Amino acid sequence: MGASWMFLYEAYQQIGIGLSSILYYCGPVLVMALSPLLFHESLTVHMGIGFSAVLIGIFLVNGNLFSEGNTIYGVFCGGMSAVTYAVMVICNKRAARITGLENAALQLFTSFLTVAIFVGLKQGYQIAIPGTDWAPLLVLSLFNTGLGCYWYFSSIGQLPVQTVSICGYLEPLSAVLFSAIFLHETLLPLQIVGAVLILSGAVFGEWGRSFQNLPKRKQQTQI
């Protein structure tokens, strides 16, 4: 997670948030592609259709950024953030006995060490934080990183990796919606279509998985 964040935030600086988010959320696609081999989870038609709709929606939401000039280094960082994200999800799925608060604490601690070592080697530890930045930093720390990671790592071991991947796409969607609500940024018609595709694809993929498992649950109940 530490390496993934470092690559992602470097990509933010190089190529912007929108395109970095697109590249970052190619990570769930890698997880989905590898899950039949690593976890023997079948890829259903519903999941495939749902993922396709989600991917198309992501490109519609942020696709205009591909027309802008972007550095190879920035695209590389965005791609590596996706690779390290996929590794993180796979390793969390493997660590089935470490869940909830313990999992989140270990992840955040080792991520802190990873980032701290990197920052120290790159620029030293003299970091000046303006007084006006403390409030948003505390919000990010307590809610986005702390509470968000706790919920995420508490559920990741209980769900199929495809479901985790699909639900992960709600993050870039929420970023676009919140930017329109709180920052008064305008949503273009294609972005609205993309947002609808993301939501509908996620719901359709998860509904298909639940529908497929319904006969199994009925059979277990009868037994």
# chains A, B, ... in the order shown; residues from 1 in each chain; ligands from 1
$ select_by_dssp --residues "stretch 77-176 of chain A" --states "helix (DSSP H, G or I)" --output "PyMOL selection string"
chain A and resi 77-94+100-123+131-156+161-168+170-176
$ residues_around --residues "A:Val83" --least-positions-apart "6" --cutoff "12 Å" --atoms "only C-alpha atoms" --output "VMD selection string"
chain A and resid 1 3 to 5 7 to 8 23 to 31 34 76 to 77 89 to 90
$ write_last_selection --atoms "C-alpha atoms" --output "PDB file, in the first residue's frame"
ATOM      1  CA  MET A   1       0.000   0.000   0.000  1.00  0.00           C
ATOM      2  CA  ALA A   3       4.465   1.820  -2.661  1.00  0.00           C
ATOM      3  CA  SER A   4       1.081   2.134  -4.359  1.00  0.00           C
ATOM      4  CA  TRP A   5       0.420   5.496  -2.703  1.00  0.00           C
ATOM      5  CA  PHE A   7       3.446   5.908  -7.234  1.00  0.00           C
ATOM      6  CA  LEU A   8      -0.081   7.344  -7.244  1.00  0.00           C
ATOM      7  CA  LEU A  23      -4.449   4.101 -14.427  1.00  0.00           C
ATOM      8  CA  TYR A  24      -4.673   3.323 -10.715  1.00  0.00           C
ATOM      9  CA  TYR A  25      -8.014   1.615 -11.114  1.00  0.00           C
ATOM     10  CA  CYS A  26      -6.648  -0.702 -13.744  1.00  0.00           C
ATOM     11  CA  GLY A  27      -5.394  -2.558 -10.657  1.00  0.00           C
ATOM     12  CA  PRO A  28      -8.763  -4.237 -10.003  1.00  0.00           C
ATOM     13  CA  VAL A  29      -8.755  -5.434 -13.620  1.00  0.00           C
ATOM     14  CA  LEU A  30      -5.419  -7.148 -12.982  1.00  0.00           C
ATOM     15  CA  VAL A  31      -6.841  -8.721  -9.834  1.00  0.00           C
ATOM     16  CA  LEU A  34      -5.582 -13.285 -11.996  1.00  0.00           C
ATOM     17  CA  PHE A  76       4.724   4.759 -15.720  1.00  0.00           C
ATOM     18  CA  CYS A  77       4.016   5.844 -12.133  1.00  0.00           C
ATOM     19  CA  VAL A  89      -5.415  -6.918  -2.799  1.00  0.00           C
ATOM     20  CA  ILE A  90      -3.988 -10.356  -3.592  1.00  0.00           C
TER      21      ILE A  90
END
$ closest_residue --among "A:Phe143, A:Tyr73, A:Tyr125, A:Trp134" --to "A:Ser20" --atoms "only C-alpha atoms"
A:Tyr73
$ closest_residue --among "A:Ile49, A:Ala128, A:Ala11, A:Leu38" --to "A:Ala82" --atoms "only C-alpha atoms"
A:Ala11
$ closest_residue --among "A:Asn144, A:Ser81, A:Asn103, A:Ser179" --to "A:Ile22" --atoms "only C-alpha atoms"
A:Ser81
$ closest_residue --among "A:Tyr12, A:Phe118, A:Phe153, A:Phe178" --to "A:Ile98" --atoms "only C-alpha atoms"
A:Phe153
$ residues_around --residues "A:Val75" --least-positions-apart "3" --cutoff "9 Å" --atoms "only C-alpha atoms" --output "MDAnalysis selection string"
chainID A and resid 11 14:15 19:20 23 70:72 78:80
